[in-house]
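Okay, upload-v4.cif is below, mmCIF, C-alpha atoms and all ligand atoms:
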```cif
data_entry
loop_
_atom_site.label_atom_id
_atom_site.label_comp_id
_atom_site.auth_asym_id
_atom_site.auth_seq_id
_atom_site.Cartn_x
_atom_site.Cartn_y
_atom_site.Cartn_z
CA MET A 11 0.00 0.00 0.00
CA PRO A 12 1.61 3.31 -1.01
CA GLY A 13 2.05 6.19 1.41
CA ARG A 14 1.76 6.15 5.17
CA ASN A 15 -0.88 5.10 7.61
CA PHE A 16 -1.34 8.12 9.88
CA LEU A 17 -1.73 7.68 13.61
CA PHE A 18 -3.81 10.11 15.63
CA ILE A 19 -4.88 8.08 18.61
CA PRO A 20 -4.04 9.26 22.14
CA GLY A 21 -1.35 6.64 22.60
CA PRO A 22 0.62 4.95 21.37
CA THR A 23 1.71 8.14 19.66
CA ASN A 24 4.06 8.72 16.75
CA VAL A 25 7.65 7.80 17.55
CA PRO A 26 10.00 10.48 16.20
CA GLN A 27 12.75 9.45 13.79
CA ARG A 28 15.40 10.43 16.34
CA VAL A 29 13.90 8.06 18.91
CA ARG A 30 13.58 5.27 16.36
CA ASN A 31 17.21 5.74 15.37
CA ALA A 32 18.24 5.63 19.01
CA MET A 33 16.49 2.28 19.33
CA ALA A 34 18.04 0.71 16.24
CA LEU A 35 20.59 -1.10 18.35
CA GLU A 36 21.96 -4.51 19.19
CA GLN A 37 20.92 -5.95 22.52
CA GLU A 38 23.31 -4.96 25.27
CA ASP A 39 24.53 -6.29 28.60
CA MET A 40 22.43 -4.71 31.32
CA ARG A 41 25.08 -5.69 33.86
CA ALA A 42 27.97 -4.10 31.96
CA VAL A 43 30.24 -1.93 34.10
CA ASP A 44 29.44 1.16 32.06
CA PHE A 45 25.62 0.66 32.04
CA PRO A 46 25.15 2.99 35.06
CA LYS A 47 26.83 5.79 33.12
CA PHE A 48 23.76 5.62 30.90
CA THR A 49 21.02 4.93 33.47
CA LEU A 50 21.94 7.25 36.35
CA PRO A 51 21.76 10.46 34.28
CA LEU A 52 18.53 9.18 32.70
CA PHE A 53 16.91 8.84 36.15
CA GLU A 54 18.13 12.35 37.02
CA ASP A 55 16.80 13.90 33.81
CA LEU A 56 13.43 12.18 34.17
CA LYS A 57 13.08 14.01 37.49
CA LYS A 58 13.24 17.26 35.53
CA VAL A 59 10.32 16.14 33.36
CA PHE A 60 8.23 15.48 36.49
CA LYS A 61 9.59 18.70 38.05
CA THR A 62 10.90 17.11 41.18
CA LYS A 63 14.13 17.64 43.05
CA THR A 64 13.34 15.51 46.07
CA GLY A 65 11.43 12.59 44.53
CA ARG A 66 12.72 9.65 42.54
CA VAL A 67 11.67 7.95 39.34
CA PHE A 68 11.12 4.23 38.77
CA ILE A 69 10.94 2.63 35.35
CA PHE A 70 9.10 -0.68 35.12
CA PRO A 71 8.94 -2.83 32.01
CA SER A 72 5.17 -2.49 31.87
CA SER A 73 2.54 -0.21 30.46
CA GLY A 74 0.84 2.52 32.50
CA THR A 75 -1.42 -0.01 34.22
CA GLY A 76 1.65 -1.59 35.81
CA GLY A 77 2.60 1.88 37.03
CA TRP A 78 -0.81 2.17 38.75
CA GLU A 79 -0.23 -1.19 40.42
CA ALA A 80 3.27 -0.18 41.54
CA ALA A 81 2.01 3.09 43.06
CA VAL A 82 -0.81 1.42 44.96
CA SER A 83 0.84 -1.81 46.08
CA ASN A 84 3.95 -0.14 47.49
CA THR A 85 2.21 2.46 49.62
CA LEU A 86 -1.13 1.08 50.85
CA SER A 87 -2.46 -1.83 52.91
CA PRO A 88 -5.55 -4.00 52.45
CA GLY A 89 -8.64 -2.19 53.76
CA ASP A 90 -7.08 1.27 53.54
CA LYS A 91 -9.63 3.95 52.73
CA VAL A 92 -8.98 5.87 49.51
CA LEU A 93 -10.85 8.73 47.84
CA MET A 94 -11.26 8.46 44.08
CA SER A 95 -13.53 9.72 41.32
CA HIS A 96 -14.40 8.33 37.93
CA PHE A 97 -15.58 10.17 34.84
CA GLY A 98 -14.28 8.03 32.02
CA HIS A 99 -12.89 4.66 31.04
CA PHE A 100 -9.42 5.14 32.54
CA SER A 101 -10.36 6.82 35.82
CA TRP A 102 -12.82 3.93 36.24
CA LEU A 103 -10.14 1.29 35.56
CA TRP A 104 -7.96 2.77 38.32
CA VAL A 105 -10.92 2.50 40.71
CA ASP A 106 -11.35 -1.11 39.63
CA LEU A 107 -7.65 -1.85 40.23
CA CYS A 108 -7.87 -0.40 43.76
CA GLN A 109 -11.00 -2.40 44.52
CA ARG A 110 -9.34 -5.58 43.31
CA HIS A 111 -6.41 -4.83 45.62
CA GLY A 112 -8.80 -4.92 48.57
CA LEU A 113 -8.78 -1.21 49.31
CA ASN A 114 -11.82 0.48 50.82
CA VAL A 115 -12.62 2.71 47.87
CA GLN A 116 -14.89 5.73 48.07
CA ALA A 117 -15.41 6.36 44.36
CA LEU A 118 -17.37 9.47 43.42
CA GLU A 119 -19.30 9.08 40.20
CA VAL A 120 -18.96 12.19 38.05
CA PRO A 121 -20.75 12.86 34.74
CA TRP A 122 -18.54 12.07 31.75
CA GLY A 123 -17.31 15.38 30.38
CA GLU A 124 -16.32 16.72 33.81
CA GLY A 125 -13.23 16.02 35.87
CA VAL A 126 -12.21 15.58 39.50
CA PRO A 127 -14.88 17.18 41.74
CA VAL A 128 -12.51 19.25 43.85
CA GLU A 129 -15.20 20.85 46.06
CA LYS A 130 -16.56 17.42 46.99
CA TYR A 131 -13.03 16.18 47.70
CA ALA A 132 -12.52 19.23 49.95
CA GLU A 133 -15.73 18.53 51.90
CA ILE A 134 -14.91 14.85 52.36
CA LEU A 135 -11.35 15.57 53.47
CA LYS A 136 -12.52 18.22 55.96
CA ALA A 137 -15.08 15.79 57.38
CA ASP A 138 -12.46 13.06 57.82
CA LYS A 139 -11.52 14.13 61.34
CA ASN A 140 -9.76 10.86 62.16
CA LYS A 141 -7.70 11.02 58.98
CA GLU A 142 -8.83 7.59 57.88
CA ILE A 143 -8.36 8.36 54.18
CA LYS A 144 -4.89 7.18 53.20
CA GLY A 145 -4.88 8.10 49.52
CA VAL A 146 -6.52 10.73 47.31
CA PHE A 147 -6.55 9.99 43.58
CA VAL A 148 -6.60 12.30 40.58
CA CYS A 149 -6.69 11.32 36.92
CA GLN A 150 -4.99 14.42 35.54
CA ASN A 151 -6.06 13.71 31.98
CA GLU A 152 -8.98 11.37 31.28
CA THR A 153 -8.08 10.06 27.85
CA ALA A 154 -11.54 8.65 27.13
CA THR A 155 -13.28 12.01 27.36
CA GLY A 156 -10.51 14.56 26.77
CA VAL A 157 -10.86 16.09 30.22
CA THR A 158 -8.05 17.60 32.29
CA SER A 159 -8.39 18.02 36.05
CA ASP A 160 -6.81 20.50 38.42
CA VAL A 161 -4.16 18.68 40.47
CA ALA A 162 -3.00 21.83 42.29
CA ALA A 163 -6.56 22.43 43.52
CA VAL A 164 -6.69 18.95 45.04
CA ARG A 165 -3.39 19.62 46.82
CA LYS A 166 -4.95 22.83 48.18
CA ALA A 167 -7.99 20.86 49.42
CA LEU A 168 -5.65 18.47 51.24
CA ASN A 169 -3.68 21.34 52.77
CA ASP A 170 -6.82 23.25 53.80
CA ALA A 171 -8.05 20.15 55.61
CA ASN A 172 -4.59 19.63 57.06
CA HIS A 173 -4.89 16.11 55.73
CA PRO A 174 -1.90 13.74 55.50
CA ALA A 175 -3.27 11.39 52.79
CA LEU A 176 -0.95 10.57 49.91
CA LEU A 177 -1.79 12.30 46.63
CA PHE A 178 -1.83 9.90 43.66
CA VAL A 179 -1.92 11.25 40.10
CA ASP A 180 -2.52 9.40 36.85
CA GLY A 181 -0.32 11.32 34.45
CA VAL A 182 -0.32 8.67 31.72
CA SER A 183 -1.68 11.01 29.04
CA SER A 184 -0.49 14.29 30.54
CA VAL A 185 3.13 14.07 31.69
CA ALA A 186 5.51 15.54 29.09
CA SER A 187 2.66 17.21 27.23
CA ILE A 188 0.51 19.06 29.82
CA ASP A 189 2.11 20.94 32.72
CA PHE A 190 2.78 18.73 35.73
CA ARG A 191 4.64 19.82 38.88
CA MET A 192 5.48 17.03 41.30
CA ASP A 193 7.11 19.11 44.05
CA GLU A 194 5.13 22.33 43.75
CA TRP A 195 1.80 20.48 43.83
CA GLY A 196 2.92 18.11 46.57
CA VAL A 197 2.16 15.01 44.52
CA ASP A 198 3.27 11.76 46.16
CA LEU A 199 2.91 9.31 43.29
CA CYS A 200 2.61 10.14 39.61
CA VAL A 201 2.15 7.35 37.09
CA SER A 202 3.03 7.70 33.44
CA GLY A 203 3.88 5.48 30.50
CA SER A 204 6.30 5.56 27.61
CA GLN A 205 3.84 5.60 24.73
CA LYS A 206 2.22 9.01 24.99
CA GLY A 207 4.01 12.27 25.79
CA PHE A 208 7.31 10.40 25.99
CA MET A 209 6.95 9.29 22.34
CA VAL A 210 8.48 5.84 22.91
CA PRO A 211 6.66 2.56 22.09
CA THR A 212 4.45 1.05 24.78
CA GLY A 213 6.43 -0.89 27.34
CA LEU A 214 7.69 1.36 30.14
CA GLY A 215 5.67 2.26 33.23
CA ILE A 216 7.28 5.41 34.59
CA VAL A 217 6.43 6.28 38.20
CA CYS A 218 7.62 9.34 40.11
CA VAL A 219 7.54 8.98 43.90
CA SER A 220 7.93 11.52 46.73
CA GLN A 221 9.99 10.91 49.86
CA LYS A 222 6.74 10.75 51.85
CA ALA A 223 5.46 7.93 49.62
CA LEU A 224 8.79 6.13 49.89
CA GLU A 225 8.46 6.32 53.66
CA ALA A 226 4.92 4.86 53.40
CA ARG A 227 6.29 1.73 51.74
CA LYS A 228 7.86 0.70 55.05
CA THR A 229 4.45 0.07 56.62
CA ALA A 230 2.37 -0.69 53.51
CA LYS A 231 1.22 -4.30 53.51
CA LEU A 232 -0.13 -4.95 50.02
CA PRO A 233 1.99 -7.65 48.40
CA ARG A 234 4.39 -6.65 45.63
CA THR A 235 7.24 -8.45 43.94
CA TYR A 236 7.66 -7.44 40.32
CA PHE A 237 6.67 -3.87 41.19
CA SER A 238 8.59 -3.60 44.47
CA PHE A 239 10.08 -0.15 45.05
CA ASP A 240 12.55 -1.73 47.48
CA ASP A 241 13.89 -4.17 44.92
CA MET A 242 14.11 -1.40 42.34
CA MET A 243 15.88 0.99 44.68
CA GLY A 244 18.42 -1.60 45.72
CA ALA A 245 19.51 -2.05 42.12
CA ASN A 246 18.71 1.42 40.69
CA ASP A 247 20.91 3.18 43.26
CA ASN A 248 23.86 1.61 41.45
CA GLY A 249 22.42 2.15 37.98
CA PHE A 250 21.10 -1.40 37.52
CA PHE A 251 17.72 -3.17 37.61
CA PRO A 252 16.54 -6.10 39.74
CA TYR A 253 15.49 -8.00 36.61
CA THR A 254 16.07 -7.70 32.88
CA PRO A 255 15.25 -4.16 31.79
CA ASN A 256 14.01 -3.21 28.36
CA THR A 257 17.30 -1.65 27.29
CA ILE A 258 16.14 -0.72 23.79
CA TYR A 259 13.23 1.32 25.11
CA LEU A 260 15.46 2.89 27.74
CA ARG A 261 17.72 4.09 24.91
CA GLY A 262 14.62 5.45 23.15
CA LEU A 263 13.51 7.17 26.34
CA ARG A 264 16.95 8.77 26.67
CA GLU A 265 16.53 10.33 23.23
CA SER A 266 12.97 11.46 23.87
CA VAL A 267 14.00 13.14 27.12
CA ASN A 268 16.81 14.86 25.18
CA MET A 269 14.22 16.12 22.71
CA LEU A 270 11.91 17.38 25.47
CA MET A 271 14.81 19.19 27.14
CA GLU A 272 15.99 20.73 23.86
CA GLU A 273 12.54 22.05 23.05
CA GLY A 274 11.99 23.14 26.64
CA LEU A 275 9.03 21.86 28.65
CA ASP A 276 7.17 25.17 28.49
CA ASN A 277 7.45 25.15 24.71
CA VAL A 278 6.29 21.52 24.63
CA PHE A 279 3.19 22.47 26.64
CA ALA A 280 2.54 25.54 24.47
CA ARG A 281 2.82 23.44 21.31
CA HIS A 282 0.30 20.96 22.68
CA ARG A 283 -2.06 23.82 23.58
CA ARG A 284 -1.73 25.12 20.02
CA MET A 285 -2.42 21.73 18.39
CA ALA A 286 -5.41 21.23 20.69
CA THR A 287 -6.76 24.70 19.94
CA ALA A 288 -6.54 24.02 16.19
CA VAL A 289 -8.67 20.89 16.71
CA ARG A 290 -11.15 22.80 18.88
CA LYS A 291 -11.48 25.49 16.20
CA ALA A 292 -12.31 22.75 13.68
CA VAL A 293 -14.89 21.19 16.02
CA ALA A 294 -16.59 24.56 16.43
CA ALA A 295 -16.60 25.10 12.65
CA TRP A 296 -18.27 21.71 12.19
CA GLY A 297 -20.95 22.74 14.67
CA LEU A 298 -20.13 19.72 16.84
CA LYS A 299 -19.51 19.49 20.58
CA LEU A 300 -16.63 18.20 22.61
CA VAL A 301 -17.35 15.63 25.30
CA ALA A 302 -15.55 17.97 27.75
CA SER A 303 -18.51 20.00 28.95
CA ASP A 304 -16.72 23.23 29.78
CA ALA A 305 -13.59 25.04 28.63
CA LYS A 306 -12.01 24.54 32.05
CA TRP A 307 -11.89 20.80 31.38
CA TYR A 308 -10.45 20.96 27.84
CA SER A 309 -7.55 18.60 27.31
CA ASP A 310 -4.51 19.64 25.31
CA THR A 311 -3.60 16.05 24.47
CA VAL A 312 -6.83 14.48 23.23
CA SER A 313 -10.22 15.71 22.02
CA ALA A 314 -13.32 13.54 22.24
CA ILE A 315 -15.94 14.84 19.82
CA TYR A 316 -19.64 13.93 19.82
CA VAL A 317 -21.16 13.01 16.47
CA PRO A 318 -24.80 14.02 15.88
CA GLU A 319 -27.44 11.66 17.22
CA GLY A 320 -28.26 8.82 14.86
CA PHE A 321 -24.64 8.44 13.72
CA ASP A 322 -21.93 6.15 15.02
CA GLY A 323 -18.61 7.84 15.78
CA ASN A 324 -16.78 4.53 15.98
CA GLU A 325 -18.04 3.42 12.60
CA MET A 326 -16.91 6.78 11.27
CA ALA A 327 -13.41 6.34 12.78
CA ARG A 328 -13.21 2.85 11.23
CA HIS A 329 -14.29 4.32 7.91
CA ALA A 330 -11.42 6.83 8.04
CA TYR A 331 -9.02 3.95 8.69
CA LYS A 332 -10.44 1.81 5.95
CA PHE A 333 -10.69 4.42 3.21
CA TYR A 334 -8.23 7.15 4.10
CA ASN A 335 -5.40 5.42 5.95
CA VAL A 336 -5.85 7.50 9.08
CA ALA A 337 -6.26 6.06 12.55
CA LEU A 338 -8.65 8.27 14.49
CA SER A 339 -9.59 6.92 17.88
CA ILE A 340 -12.86 5.24 18.75
CA SER A 341 -14.85 6.23 21.84
CA LEU A 342 -15.08 3.91 24.84
CA GLY A 343 -17.42 2.82 27.63
CA LYS A 344 -20.54 4.89 28.26
CA ILE A 345 -19.99 7.06 25.18
CA ALA A 346 -18.91 4.25 22.83
CA GLY A 347 -20.21 5.11 19.36
CA LYS A 348 -21.48 8.52 20.41
CA ALA A 349 -18.13 10.20 19.80
CA PHE A 350 -14.73 9.78 18.20
CA ARG A 351 -11.38 11.02 19.43
CA ILE A 352 -8.37 12.77 17.97
CA GLY A 353 -5.09 12.28 19.81
CA HIS A 354 -2.89 15.37 19.44
CA LEU A 355 0.00 14.62 21.71
CA GLY A 356 3.63 13.76 21.42
CA ASP A 357 5.49 14.23 18.16
CA MET A 358 3.01 16.59 16.51
CA ASN A 359 3.20 19.73 14.39
CA GLU A 360 1.04 22.04 12.29
CA MET A 361 0.85 20.01 9.10
CA MET A 362 0.33 16.78 11.01
CA ILE A 363 -2.67 18.09 12.94
CA LEU A 364 -4.47 19.08 9.75
CA THR A 365 -4.51 15.42 8.70
CA PRO A 366 -6.94 14.00 11.30
CA ILE A 367 -9.13 17.08 10.92
CA SER A 368 -9.29 16.54 7.18
CA ALA A 369 -9.82 12.79 7.52
CA ALA A 370 -12.60 13.25 10.08
CA GLU A 371 -14.33 15.66 7.71
CA MET A 372 -14.09 13.24 4.80
CA ALA A 373 -15.30 10.31 6.86
CA MET A 374 -18.19 12.30 8.34
CA HIS A 375 -19.12 13.50 4.86
CA ASP A 376 -19.15 9.89 3.62
CA MET A 377 -21.31 8.81 6.56
CA GLY A 378 -23.88 11.48 5.76
CA ILE A 379 -23.07 13.75 8.69
CA LYS A 380 -23.77 17.34 7.67
CA VAL A 381 -20.30 18.81 7.77
CA LYS A 382 -19.00 21.07 5.03
CA LEU A 383 -15.83 19.66 3.50
CA GLY A 384 -12.93 21.94 4.27
CA SER A 385 -14.69 23.89 7.03
CA GLY A 386 -12.76 22.40 9.95
CA VAL A 387 -9.49 22.42 8.05
CA ALA A 388 -10.01 26.09 7.15
CA ALA A 389 -10.76 27.06 10.74
CA ALA A 390 -7.67 25.22 11.98
CA GLN A 391 -5.54 26.74 9.21
CA GLU A 392 -6.82 30.20 10.07
CA TYR A 393 -5.82 29.72 13.68
CA LEU A 394 -2.42 28.20 12.87
CA CYS A 395 -1.60 30.99 10.41
CA SER A 396 -2.58 33.67 12.89
CA THR A 397 -0.36 32.16 15.59
CA LYS A 398 2.53 31.01 13.42
CA GLN A 399 6.05 30.81 14.72
CA GLN A 400 9.25 30.37 12.80
CA VAL A 401 10.22 26.73 13.18
CA ARG A 402 13.69 26.89 11.66
CA ALA A 403 16.50 29.35 12.24
CA LEU A 404 17.88 29.84 8.72
C1 LIG B 1 -5.21 8.21 31.53
C2 LIG B 1 -4.76 6.80 31.35
N1 LIG B 1 -4.45 6.08 32.43
C3 LIG B 1 -4.03 4.82 32.33
C4 LIG B 1 -3.92 4.20 31.12
C5 LIG B 1 -3.49 2.78 31.05
O1 LIG B 1 -2.24 2.74 30.50
P1 LIG B 1 -1.73 1.48 29.64
O2 LIG B 1 -2.71 1.25 28.56
O3 LIG B 1 -0.39 1.98 29.18
O4 LIG B 1 -1.61 0.35 30.60
C6 LIG B 1 -4.24 4.89 29.96
C7 LIG B 1 -4.14 4.26 28.64
O5 LIG B 1 -4.48 4.80 27.63
C8 LIG B 1 -4.67 6.22 30.08
O6 LIG B 1 -4.98 6.94 29.00
#
```
With the file now loaded, output its structure as structure tokens.
Ligand SMILES: Cc1ncc(COP(=O)(O)O)c(C=O)c1O
Amino acid sequence: MPGRNFLFIPGPTNVPQRVRNAMALEQEDMRAVDFPKFTLPLFEDLKKVFKTKTGRVFIFPSSGTGGWEAAVSNTLSPGDKVLMSHFGHFSWLWVDLCQRHGLNVQALEVPWGEGVPVEKYAEILKADKNKEIKGVFVCQNETATGVTSDVAAVRKALNDANHPALLFVDGVSSVASIDFRMDEWGVDLCVSGSQKGFMVPTGLGIVCVSQKALEARKTAKLPRTYFSFDDMMGANDNGFFPYTPNTIYLRGLRESVNMLMEEGLDNVFARHRRMATAVRKAVAAWGLKLVASDAKWYSDTVSAIYVPEGFDGNEMARHAYKFYNVALSISLGKIAGKAFRIGHLGDMNEMMILTPISAAEMAMHDMGIKVKLGSGVAAAQEYLCSTKQQVRAL
């Protein structure tokens, strides 16, 4: 088949050529004497991505779900009370994981399209006079609905209640593409994965952990082996791993962190905001609605877009794949079929973002959805032209 298949799902994301080149390697000895020269600076630089000076970063050969399990199993005990909320497929799966680990989960059900209900969290934390809640959970970016929540506001709610619970953040589809500040926001555990903002194939669960959470592991009684922080620390301190690491992906991660540092995190976030805004301009021009119900929830990494009633967004996404070689993302769970998604994170630029907008228009047109061909593309172009920046110093 000539030409490329274009990928615009919210992870795995496009892997830049530089990262692919960095991974085109022979296998290597993960116990070689010079291996720590590679790993120790990588751990240090990852801390910069999470914006922590005092925390530490673990890298597990897993996807983000393994990172969730690591965060929970190392710091909590069976029966511990935790405060969570769910408003999409992924925030729900984290609730499910905690329930299956035997935690006493208070899970607030929030309408899809909204995010973490900070005021309710604040009330519950204030009312918890005996400080029974051991963990408070935030899905910073709900990938199923394209909703971003306010982590700093949850930290404030904890502080206002003078509450010592650990703050857990799912940063799988936000870290390295939406602002995240481990130390400033007092986050204790932040879970991410390699295949989204980090632009590496799926296969690394990346977890940033505060000193307070590391202390909690000493009394936490949930069983852990593969995901043990203790085992990791014992080996990582010397630049090694307690079992066979995925060296190829670590080399890819090294290159992606180089790229993030070269661009500058603030520029990375601004670029994501710009790509997301271009998509939102197109959605408005189509006369369609985002699943995110208010601008304060808008995600800069993924947009979930409702199709008009009577049409199937997933069928439309499959149509784009089948006829136009573009992978748009289907909608999941409660809104399955009612929407489709465009992932606009990672290795993304102006010309790339016009592709899913154009493909969505063509597929909607074919499905009989009343959208004027070119209208979304034009709106996005208009916005990108009016905010253009020189991309090359010549
Ligand atoms: C917000 C969020 N959390 C967790 C996960 C689970 O991560 P993984 O599929 O890498 O296990 C995903 C996956 O898309 C996600 O988007």
Point to revise | Distance query range 102-108 of chain A at most 9 Å, all atoms listed in the file, self and fewer than 2 positions along chain excluded, as a list in words | key: Thr75, Trp78, Glu79, Val82, Val92, Met94, Ser95, His96, Phe97, Gly98, His99, Phe100, Arg110, His111, Gly112, Leu113, Asn114, Val115, Gln116, Ala117, Cys149 and Asp180 of chain A
Point to revise | Selection as a PyMOL selection string: residues within 7 Å of ligand LIG 1 (chain B) by only C-alpha atoms and all ligand atoms | key: chain A and resi 21+73-76+100-101+149+151-153+180-183+203+212
Just the selected residues (C-alpha atoms), exported as a compact mmCIF listing (two decimals), keeping the file's coordinate frame, please.
```
# COMPACT_ATOMS: atom_id res chain seq x y z
CA GLY A 21 -1.35 6.64 22.60
CA SER A 73 2.54 -0.21 30.46
CA GLY A 74 0.84 2.52 32.50
CA THR A 75 -1.42 -0.01 34.22
CA GLY A 76 1.65 -1.59 35.81
CA PHE A 100 -9.42 5.14 32.54
CA SER A 101 -10.36 6.82 35.82
CA CYS A 149 -6.69 11.32 36.92
CA ASN A 151 -6.06 13.71 31.98
CA GLU A 152 -8.98 11.37 31.28
CA THR A 153 -8.08 10.06 27.85
CA ASP A 180 -2.52 9.40 36.85
CA GLY A 181 -0.32 11.32 34.45
CA VAL A 182 -0.32 8.67 31.72
CA SER A 183 -1.68 11.01 29.04
CA GLY A 203 3.88 5.48 30.50
CA THR A 212 4.45 1.05 24.78
```
Using only C-alpha atoms, which residues sit within 9 Å of range 223-234 of chain A once same-chain residues fewer than 2 positions away are excluded, as a PDB file with C-alpha atoms, in the coordinates of the input?
```
ATOM      1  CA  GLY A  65      11.430  12.590  44.530  1.00  0.00           C
ATOM      2  CA  GLU A  79      -0.230  -1.190  40.420  1.00  0.00           C
ATOM      3  CA  ALA A  80       3.270  -0.180  41.540  1.00  0.00           C
ATOM      4  CA  ALA A  81       2.010   3.090  43.060  1.00  0.00           C
ATOM      5  CA  VAL A  82      -0.810   1.420  44.960  1.00  0.00           C
ATOM      6  CA  SER A  83       0.840  -1.810  46.080  1.00  0.00           C
ATOM      7  CA  ASN A  84       3.950  -0.140  47.490  1.00  0.00           C
ATOM      8  CA  THR A  85       2.210   2.460  49.620  1.00  0.00           C
ATOM      9  CA  LEU A  86      -1.130   1.080  50.850  1.00  0.00           C
ATOM     10  CA  SER A  87      -2.460  -1.830  52.910  1.00  0.00           C
ATOM     11  CA  PRO A  88      -5.550  -4.000  52.450  1.00  0.00           C
ATOM     12  CA  HIS A 111      -6.410  -4.830  45.620  1.00  0.00           C
ATOM     13  CA  GLY A 112      -8.800  -4.920  48.570  1.00  0.00           C
ATOM     14  CA  LEU A 176      -0.950  10.570  49.910  1.00  0.00           C
ATOM     15  CA  LEU A 177      -1.790  12.300  46.630  1.00  0.00           C
ATOM     16  CA  ASP A 198       3.270  11.760  46.160  1.00  0.00           C
ATOM     17  CA  LEU A 199       2.910   9.310  43.290  1.00  0.00           C
ATOM     18  CA  VAL A 219       7.540   8.980  43.900  1.00  0.00           C
ATOM     19  CA  SER A 220       7.930  11.520  46.730  1.00  0.00           C
ATOM     20  CA  GLN A 221       9.990  10.910  49.860  1.00  0.00           C
ATOM     21  CA  TYR A 236       7.660  -7.440  40.320  1.00  0.00           C
ATOM     22  CA  PHE A 237       6.670  -3.870  41.190  1.00  0.00           C
ATOM     23  CA  SER A 238       8.590  -3.600  44.470  1.00  0.00           C
ATOM     24  CA  PHE A 239      10.080  -0.150  45.050  1.00  0.00           C
ATOM     25  CA  ASP A 240      12.550  -1.730  47.480  1.00  0.00           C
TER      26      ASP A 240
END
```
Please produce, as a tab-separated table, a per-residue contact table for range 33-144 of chain A versus range 155-167 of chain A (criterion: any atom at most 10 Å away, all atoms listed in the file considered), showing the nearest atom pair and its distance in Å to one decimal, sorted by chain then residue number.
```
residue	atom	partner	partner_atom	distance
A:Phe97	CA	A:Thr155	CA	8.0
A:Gly98	CA	A:Thr155	CA	6.2
A:His99	CA	A:Thr155	CA	8.2
A:Phe100	CA	A:Thr155	CA	9.4
A:Trp122	CA	A:Thr155	CA	6.9
A:Gly123	CA	A:Thr155	CA	6.1
A:Glu124	CA	A:Val157	CA	6.6
A:Gly125	CA	A:Ser159	CA	5.2
A:Val126	CA	A:Ser159	CA	5.7
A:Pro127	CA	A:Ser159	CA	8.7
A:Val128	CA	A:Val164	CA	5.9
A:Glu129	CA	A:Ala167	CA	8.0
A:Lys130	CA	A:Ala167	CA	9.5
A:Tyr131	CA	A:Ala167	CA	7.1
A:Ala132	CA	A:Ala167	CA	4.8
A:Glu133	CA	A:Ala167	CA	8.5
A:Ile134	CA	A:Ala167	CA	9.6
A:Leu135	CA	A:Ala167	CA	7.5
A:Lys136	CA	A:Ala167	CA	8.4
```
**Study point:** Spatial neighbours of Arg41 in chain A, 9 Å, only C-alpha atoms, chain gap at least 5 places, as a list of chain:residue names
**Key:**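 In the requested form, the answer reads A:Pro46, A:Phe250, A:Phe251.
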Exercise for review: Work out how far apart CA of Met243 in chain A and CA of Leu263 in chain A are and give it in Å to one decimal.
Suggested key: 19.5 Å
**Study point:** Atom pair CA of Glu319 in chain A / CA of Lys306 in chain A: separation (Å)
**Key:** 25.0 Å
Exercise for review: Find, counting only C-alpha atoms, the residue in A:Ile345, A:Leu214, A:Ala389, A:Ala32 that gets nearest to Trp296 in chain A.
Suggested key: A:Ala389
Between range 181-267 of chain A and range 348-361 of chain A, at 8 Å or less, what are the per-residue closest atom pairs and their distances in Å? Count all atoms listed in the file, order by chain and rising residue number, and return it as a Markdown table.
```
| residue | atom | partner | partner_atom | distance |
| --- | --- | --- | --- | --- |
| A:Ser187 | CA | A:Leu355 | CA | 6.7 |
| A:Lys206 | CA | A:Gly356 | CA | 6.1 |
| A:Gly207 | CA | A:Gly356 | CA | 4.6 |
| A:Phe208 | CA | A:Gly356 | CA | 6.8 |
| A:Met209 | CA | A:Gly356 | CA | 5.6 |
```
Using C-alpha atoms, can you write the selected residues to a file as an mmCIF file, keeping the file's coordinate frame?
```cif
data_model
loop_
_atom_site.group_PDB
_atom_site.id
_atom_site.type_symbol
_atom_site.label_atom_id
_atom_site.label_comp_id
_atom_site.auth_asym_id
_atom_site.auth_seq_id
_atom_site.Cartn_x
_atom_site.Cartn_y
_atom_site.Cartn_z
ATOM 1 C CA SER A 187 2.660 17.210 27.230
ATOM 2 C CA LYS A 206 2.220 9.010 24.990
ATOM 3 C CA GLY A 207 4.010 12.270 25.790
ATOM 4 C CA PHE A 208 7.310 10.400 25.990
ATOM 5 C CA MET A 209 6.950 9.290 22.340
#
```
**Study point:** A:His173, A:Lys299, A:Lys63, A:Arg261 ranked by distance to Glu38 in chain A, top pick (using all atoms listed in the file)
**Key:** A:Arg261
Point to revise | Non-local contacts of Lys382 in chain A (9 Å; only C-alpha atoms; under 5 positions in same chain excluded) as a list in words | key: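 Skipping anything fewer than 5 positions along the chain leaves Ala295, Trp296, Glu371 and His375 of chain A.
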Serialized selection, C-alpha atoms, as a tab-separated table (two decimals), keeping the file's coordinate frame:
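Full text of selection.tsv as output:
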```tsv
chain	number	residue	atom	x	y	z
A	295	ALA	CA	-16.60	25.10	12.65
A	296	TRP	CA	-18.27	21.71	12.19
A	371	GLU	CA	-14.33	15.66	7.71
A	375	HIS	CA	-19.12	13.50	4.86
```
Practice item. May I ask for the distance between CA of Asn24 in chain A and CA of Ser339 in chain A, given in Å to one decimal place? Key: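 Atom-to-atom, CA of Asn24 in chain A and CA of Ser339 in chain A are spaced 13.8 Å apart.
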**Study point:** Shell of 12 Å around Ala294 in chain A, all atoms listed in the file, local chain residues under 3 positions omitted, as a PyMOL selection string
**Key:** chain A and resi 287-291+297-300+315-316+367+381+385-390
Review point. Smallest atom-to-atom distance to Pro255 in chain A: which of A:Asp39, A:Asp241, A:Asp276, A:Asp322, using all atoms listed in the file?
Key: A:Asp39
